[in-house]
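Reproduced below: input_39.pdb, with PDB, C-alpha atoms, pLDDT in the B column.
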ATOM      1  CA  MET A 224       6.896 -18.493 -44.475  1.00 57.00           C
ATOM      2  CA  LYS A 225       3.207 -17.600 -44.484  1.00 66.00           C
ATOM      3  CA  THR A 226       2.768 -13.919 -45.188  1.00 77.00           C
ATOM      4  CA  GLU A 227      -1.009 -13.556 -45.220  1.00 90.00           C
ATOM      5  CA  PHE A 228      -2.795 -12.672 -41.993  1.00 95.00           C
ATOM      6  CA  TRP A 229      -6.471 -13.301 -41.397  1.00 95.00           C
ATOM      7  CA  ILE A 230      -9.000 -12.170 -38.809  1.00 94.00           C
ATOM      8  CA  LEU A 231     -12.239 -14.134 -38.916  1.00 95.00           C
ATOM      9  CA  ASP A 232     -15.303 -12.968 -37.065  1.00 95.00           C
ATOM     10  CA  THR A 233     -17.396 -15.159 -34.822  1.00 96.00           C
ATOM     11  CA  ASN A 234     -20.233 -15.657 -37.316  1.00 96.00           C
ATOM     12  CA  THR A 235     -17.803 -16.777 -40.002  1.00 97.00           C
ATOM     13  CA  LEU A 236     -16.303 -19.362 -37.663  1.00 97.00           C
ATOM     14  CA  LEU A 237     -19.723 -20.621 -36.575  1.00 96.00           C
ATOM     15  CA  SER A 238     -20.783 -21.024 -40.193  1.00 96.00           C
ATOM     16  CA  ALA A 239     -17.522 -22.810 -40.986  1.00 97.00           C
ATOM     17  CA  LEU A 240     -18.126 -25.221 -38.111  1.00 97.00           C
ATOM     18  CA  PHE A 241     -21.728 -25.909 -39.143  1.00 96.00           C
ATOM     19  CA  ASN A 242     -20.801 -26.500 -42.801  1.00 96.00           C
ATOM     20  CA  GLU A 243     -17.155 -26.862 -43.817  1.00 94.00           C
ATOM     21  CA  ASN A 244     -18.119 -26.657 -47.503  1.00 97.00           C
ATOM     22  CA  SER A 245     -19.881 -23.314 -47.125  1.00 97.00           C
ATOM     23  CA  THR A 246     -18.211 -20.084 -48.223  1.00 97.00           C
ATOM     24  CA  PRO A 247     -17.070 -19.401 -44.621  1.00 97.00           C
ATOM     25  CA  GLY A 248     -15.806 -22.978 -44.343  1.00 97.00           C
ATOM     26  CA  ILE A 249     -13.781 -22.607 -47.513  1.00 97.00           C
ATOM     27  CA  ALA A 250     -12.482 -19.222 -46.314  1.00 95.00           C
ATOM     28  CA  LEU A 251     -11.293 -20.793 -43.051  1.00 96.00           C
ATOM     29  CA  LYS A 252      -9.512 -23.585 -44.925  1.00 95.00           C
ATOM     30  CA  LYS A 253      -7.829 -21.039 -47.201  1.00 93.00           C
ATOM     31  CA  ALA A 254      -6.796 -18.858 -44.271  1.00 93.00           C
ATOM     32  CA  ARG A 255      -5.264 -21.801 -42.424  1.00 93.00           C
ATOM     33  CA  LYS A 256      -3.496 -23.125 -45.514  1.00 92.00           C
ATOM     34  CA  ASN A 257      -2.130 -19.853 -46.867  1.00 92.00           C
ATOM     35  CA  GLY A 258      -1.693 -17.681 -43.836  1.00 94.00           C
ATOM     36  CA  THR A 259      -1.923 -17.121 -40.137  1.00 94.00           C
ATOM     37  CA  LEU A 260      -5.057 -16.424 -38.161  1.00 96.00           C
ATOM     38  CA  LEU A 261      -4.837 -13.483 -35.773  1.00 96.00           C
ATOM     39  CA  VAL A 262      -6.705 -13.298 -32.471  1.00 97.00           C
ATOM     40  CA  SER A 263      -6.770 -10.845 -29.600  1.00 96.00           C
ATOM     41  CA  ALA A 264      -7.857 -11.518 -26.028  1.00 95.00           C
ATOM     42  CA  GLU A 265     -11.112  -9.685 -26.737  1.00 95.00           C
ATOM     43  CA  THR A 266     -11.779 -11.734 -29.863  1.00 95.00           C
ATOM     44  CA  ALA A 267     -11.029 -15.005 -28.080  1.00 96.00           C
ATOM     45  CA  SER A 268     -13.405 -14.032 -25.283  1.00 96.00           C
ATOM     46  CA  GLU A 269     -16.165 -13.260 -27.790  1.00 97.00           C
ATOM     47  CA  TYR A 270     -15.596 -16.611 -29.511  1.00 97.00           C
ATOM     48  CA  PHE A 271     -16.103 -18.505 -26.237  1.00 97.00           C
ATOM     49  CA  ILE A 272     -19.145 -16.471 -25.192  1.00 97.00           C
ATOM     50  CA  VAL A 273     -20.936 -16.921 -28.509  1.00 97.00           C
ATOM     51  CA  PHE A 274     -19.895 -20.538 -29.098  1.00 97.00           C
ATOM     52  CA  SER A 275     -21.231 -21.420 -25.618  1.00 97.00           C
ATOM     53  CA  ARG A 276     -24.771 -20.244 -26.324  1.00 97.00           C
ATOM     54  CA  ASN A 277     -27.394 -22.935 -25.824  1.00 96.00           C
ATOM     55  CA  LYS A 278     -29.200 -22.093 -29.065  1.00 96.00           C
ATOM     56  CA  PHE A 279     -26.419 -23.790 -31.050  1.00 96.00           C
ATOM     57  CA  GLU A 280     -26.822 -27.114 -29.213  1.00 96.00           C
ATOM     58  CA  LYS A 281     -29.340 -28.332 -31.817  1.00 95.00           C
ATOM     59  CA  TYR A 282     -26.623 -28.034 -34.487  1.00 93.00           C
ATOM     60  CA  VAL A 283     -23.392 -29.040 -32.734  1.00 96.00           C
ATOM     61  CA  SER A 284     -22.678 -30.151 -29.181  1.00 97.00           C
ATOM     62  CA  LEU A 285     -21.068 -27.716 -26.753  1.00 97.00           C
ATOM     63  CA  GLU A 286     -18.060 -30.017 -26.452  1.00 97.00           C
ATOM     64  CA  THR A 287     -17.485 -29.930 -30.225  1.00 97.00           C
ATOM     65  CA  ARG A 288     -17.962 -26.157 -30.407  1.00 97.00           C
ATOM     66  CA  ILE A 289     -15.493 -25.508 -27.596  1.00 97.00           C
ATOM     67  CA  ALA A 290     -12.942 -27.936 -29.071  1.00 98.00           C
ATOM     68  CA  PHE A 291     -13.279 -26.199 -32.443  1.00 98.00           C
ATOM     69  CA  ILE A 292     -12.697 -22.731 -31.042  1.00 97.00           C
ATOM     70  CA  GLU A 293      -9.844 -23.922 -28.799  1.00 97.00           C
ATOM     71  CA  ASN A 294      -8.167 -25.313 -31.907  1.00 97.00           C
ATOM     72  CA  ILE A 295      -8.630 -22.022 -33.737  1.00 97.00           C
ATOM     73  CA  ILE A 296      -7.188 -20.016 -30.839  1.00 97.00           C
ATOM     74  CA  SER A 297      -4.291 -22.361 -30.122  1.00 96.00           C
ATOM     75  CA  ASN A 298      -3.171 -22.168 -33.747  1.00 95.00           C
ATOM     76  CA  ALA A 299      -3.579 -18.404 -34.061  1.00 96.00           C
ATOM     77  CA  LEU A 300      -1.091 -15.631 -33.463  1.00 95.00           C
ATOM     78  CA  TYR A 301      -2.061 -13.463 -30.510  1.00 96.00           C
ATOM     79  CA  VAL A 302      -2.031  -9.728 -31.147  1.00 95.00           C
ATOM     80  CA  GLU A 303      -2.808  -6.680 -29.035  1.00 94.00           C
ATOM     81  CA  PRO A 304      -4.792  -4.068 -30.913  1.00 87.00           C
ATOM     82  CA  VAL A 305      -3.427  -0.538 -30.784  1.00 87.00           C
ATOM     83  CA  TRP A 306      -6.091   2.104 -30.364  1.00 79.00           C
TER      84      TRP A 306
END
Please express what this file holds, its structure, as structure tokens.
Amino acid sequence: MKTEFWILDTNTLLSALFNENSTPGIALKKARKNGTLLVSAETASEYFIVFSRNKFEKYVSLETRIAFIENIISNALYVEPVW
């Protein structure tokens, strides 16, 4: 059973997508291999908003960005933050 839990911010995920061998890319691989990613509804919403920005089109197509973030979210454990 995986006992490590990870929360990755939007910039880390973008960097991991743009370069899987970067420090964020390696962190994402480690998180997925050794633990479970956590995501809340608010975090998922932020992912989609940021990943949909046109300024990233010159690096990766919108279709690829959305598929990447959908994969992250579908393999994450949903949590509700307690304030």
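The smallest atom-to-atom distance between A:Phe241 and any of A:Lys256, A:Val262, A:Phe291, A:Val273, using all atoms listed in the file, is found for A:Phe291.
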Picked residues, the PyMOL selection byres ((chain A and resi 275) around 12), expected as JSON, numbers by chain | {"A": [233, 237, 268, 269, 270, 271, 272, 273, 274, 276, 277, 278, 279, 280, 283, 284, 285, 286, 287, 288, 289, 290, 291, 292]}
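Rounded to one decimal, atom CA of A:Asn242 and atom CA of A:Ile295 lie 15.8 Å from each other.
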Nearby residues, (-9.2, -16.2, -30.1) file frame, 10 Å, all atoms listed in the file, as a PDB file with C-alpha atoms, in the coordinates of the input:
ATOM      1  CA  ILE A 230      -9.000 -12.170 -38.809  1.00 94.00           C
ATOM      2  CA  LEU A 231     -12.239 -14.134 -38.916  1.00 95.00           C
ATOM      3  CA  ASP A 232     -15.303 -12.968 -37.065  1.00 95.00           C
ATOM      4  CA  THR A 233     -17.396 -15.159 -34.822  1.00 96.00           C
ATOM      5  CA  LEU A 260      -5.057 -16.424 -38.161  1.00 96.00           C
ATOM      6  CA  LEU A 261      -4.837 -13.483 -35.773  1.00 96.00           C
ATOM      7  CA  VAL A 262      -6.705 -13.298 -32.471  1.00 97.00           C
ATOM      8  CA  SER A 263      -6.770 -10.845 -29.600  1.00 96.00           C
ATOM      9  CA  ALA A 264      -7.857 -11.518 -26.028  1.00 95.00           C
ATOM     10  CA  GLU A 265     -11.112  -9.685 -26.737  1.00 95.00           C
ATOM     11  CA  THR A 266     -11.779 -11.734 -29.863  1.00 95.00           C
ATOM     12  CA  ALA A 267     -11.029 -15.005 -28.080  1.00 96.00           C
ATOM     13  CA  SER A 268     -13.405 -14.032 -25.283  1.00 96.00           C
ATOM     14  CA  GLU A 269     -16.165 -13.260 -27.790  1.00 97.00           C
ATOM     15  CA  TYR A 270     -15.596 -16.611 -29.511  1.00 97.00           C
ATOM     16  CA  PHE A 271     -16.103 -18.505 -26.237  1.00 97.00           C
ATOM     17  CA  ILE A 292     -12.697 -22.731 -31.042  1.00 97.00           C
ATOM     18  CA  GLU A 293      -9.844 -23.922 -28.799  1.00 97.00           C
ATOM     19  CA  ASN A 294      -8.167 -25.313 -31.907  1.00 97.00           C
ATOM     20  CA  ILE A 295      -8.630 -22.022 -33.737  1.00 97.00           C
ATOM     21  CA  ILE A 296      -7.188 -20.016 -30.839  1.00 97.00           C
ATOM     22  CA  SER A 297      -4.291 -22.361 -30.122  1.00 96.00           C
ATOM     23  CA  ASN A 298      -3.171 -22.168 -33.747  1.00 95.00           C
ATOM     24  CA  ALA A 299      -3.579 -18.404 -34.061  1.00 96.00           C
ATOM     25  CA  LEU A 300      -1.091 -15.631 -33.463  1.00 95.00           C
ATOM     26  CA  TYR A 301      -2.061 -13.463 -30.510  1.00 96.00           C
ATOM     27  CA  VAL A 302      -2.031  -9.728 -31.147  1.00 95.00           C
TER      28      VAL A 302
END
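Atom pair atom CA of A:Ser245 / atom CA of A:Tyr282 has a distance of 15.1 Å (rounded to one decimal).
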Run the PyMOL selection byres ((chain A and resi 250) around 12) mentally over the shown coordinates, then write out the matched residues as a ChimeraX atom specification, using the chain letters and numbers from the document.
-> /A:229-232,235-236,238-240,242-249,251-258,260
Only C-alpha atoms, please: chain A from the block, as a tab-separated table (two decimals), in the first residue's frame.
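Saved to result-v3.tsv:
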chain	number	residue	atom	x	y	z
A	224	MET	CA	0.00	0.00	0.00
A	225	LYS	CA	1.28	3.45	-0.91
A	226	THR	CA	1.59	5.58	2.19
A	227	GLU	CA	3.00	8.82	0.80
A	228	PHE	CA	0.60	11.56	-0.27
A	229	TRP	CA	1.53	14.35	-2.64
A	230	ILE	CA	-0.04	17.65	-3.63
A	231	LEU	CA	1.55	19.20	-6.70
A	232	ASP	CA	0.85	22.77	-7.68
A	233	THR	CA	-0.12	23.87	-11.15
A	234	ASN	CA	3.31	25.27	-12.08
A	235	THR	CA	5.00	22.02	-11.09
A	236	LEU	CA	2.64	20.04	-13.30
A	237	LEU	CA	3.11	22.41	-16.23
A	238	SER	CA	6.88	22.13	-15.93
A	239	ALA	CA	6.61	18.35	-15.71
A	240	LEU	CA	4.53	18.29	-18.89
A	241	PHE	CA	6.93	20.58	-20.77
A	242	ASN	CA	10.01	18.58	-19.71
A	243	GLU	CA	9.62	15.18	-18.06
A	244	ASN	CA	13.33	15.13	-17.18
A	245	SER	CA	13.20	18.42	-15.29
A	246	THR	CA	13.13	18.50	-11.49
A	247	PRO	CA	9.31	18.86	-11.52
A	248	GLY	CA	9.06	16.01	-14.03
A	249	ILE	CA	11.15	13.76	-11.83
A	250	ALA	CA	9.10	14.81	-8.78
A	251	LEU	CA	5.88	13.85	-10.57
A	252	LYS	CA	7.30	10.45	-11.52
A	253	LYS	CA	8.40	9.86	-7.93
A	254	ALA	CA	5.03	10.93	-6.54
A	255	ARG	CA	3.16	8.60	-8.89
A	256	LYS	CA	5.51	5.68	-8.24
A	257	ASN	CA	5.79	5.97	-4.47
A	258	GLY	CA	2.55	7.54	-3.39
A	259	THR	CA	-0.83	8.97	-4.17
A	260	LEU	CA	-1.55	12.37	-5.61
A	261	LEU	CA	-4.22	14.36	-3.79
A	262	VAL	CA	-6.56	16.82	-5.50
A	263	SER	CA	-9.50	18.90	-4.37
A	264	ALA	CA	-12.27	20.33	-6.53
A	265	GLU	CA	-10.64	23.76	-6.24
A	266	THR	CA	-7.24	22.41	-7.29
A	267	ALA	CA	-8.72	20.53	-10.24
A	268	SER	CA	-10.51	23.68	-11.37
A	269	GLU	CA	-7.28	25.68	-11.19
A	270	TYR	CA	-5.46	23.00	-13.20
A	271	PHE	CA	-8.01	23.25	-16.03
A	272	ILE	CA	-8.10	27.05	-16.02
A	273	VAL	CA	-4.32	27.41	-16.18
A	274	PHE	CA	-3.69	24.50	-18.56
A	275	SER	CA	-6.25	26.01	-20.97
A	276	ARG	CA	-4.43	29.31	-21.37
A	277	ASN	CA	-3.53	30.13	-24.96
A	278	LYS	CA	0.01	31.21	-24.06
A	279	PHE	CA	1.01	27.56	-23.62
A	280	GLU	CA	-0.08	26.59	-27.15
A	281	LYS	CA	3.43	27.32	-28.50
A	282	TYR	CA	4.81	24.60	-26.20
A	283	VAL	CA	2.11	21.90	-26.12
A	284	SER	CA	-1.26	21.64	-27.83
A	285	LEU	CA	-4.42	22.25	-25.82
A	286	GLU	CA	-5.52	18.67	-26.48
A	287	THR	CA	-2.29	17.29	-24.98
A	288	ARG	CA	-2.46	19.63	-21.98
A	289	ILE	CA	-6.05	18.69	-21.20
A	290	ALA	CA	-5.34	14.97	-21.62
A	291	PHE	CA	-2.36	15.30	-19.28
A	292	ILE	CA	-4.33	17.03	-16.54
A	293	GLU	CA	-7.30	14.66	-16.95
A	294	ASN	CA	-4.90	11.77	-16.39
A	295	ILE	CA	-3.49	13.42	-13.28
A	296	ILE	CA	-6.96	14.06	-11.85
A	297	SER	CA	-8.40	10.66	-12.73
A	298	ASN	CA	-5.53	8.93	-10.94
A	299	ALA	CA	-5.59	11.18	-7.87
A	300	LEU	CA	-7.46	10.79	-4.62
A	301	TYR	CA	-10.09	13.47	-4.15
A	302	VAL	CA	-10.02	15.27	-0.82
A	303	GLU	CA	-12.07	18.05	0.73
A	304	PRO	CA	-9.96	20.56	2.60
A	305	VAL	CA	-11.07	21.36	6.13
A	306	TRP	CA	-10.81	25.02	7.01
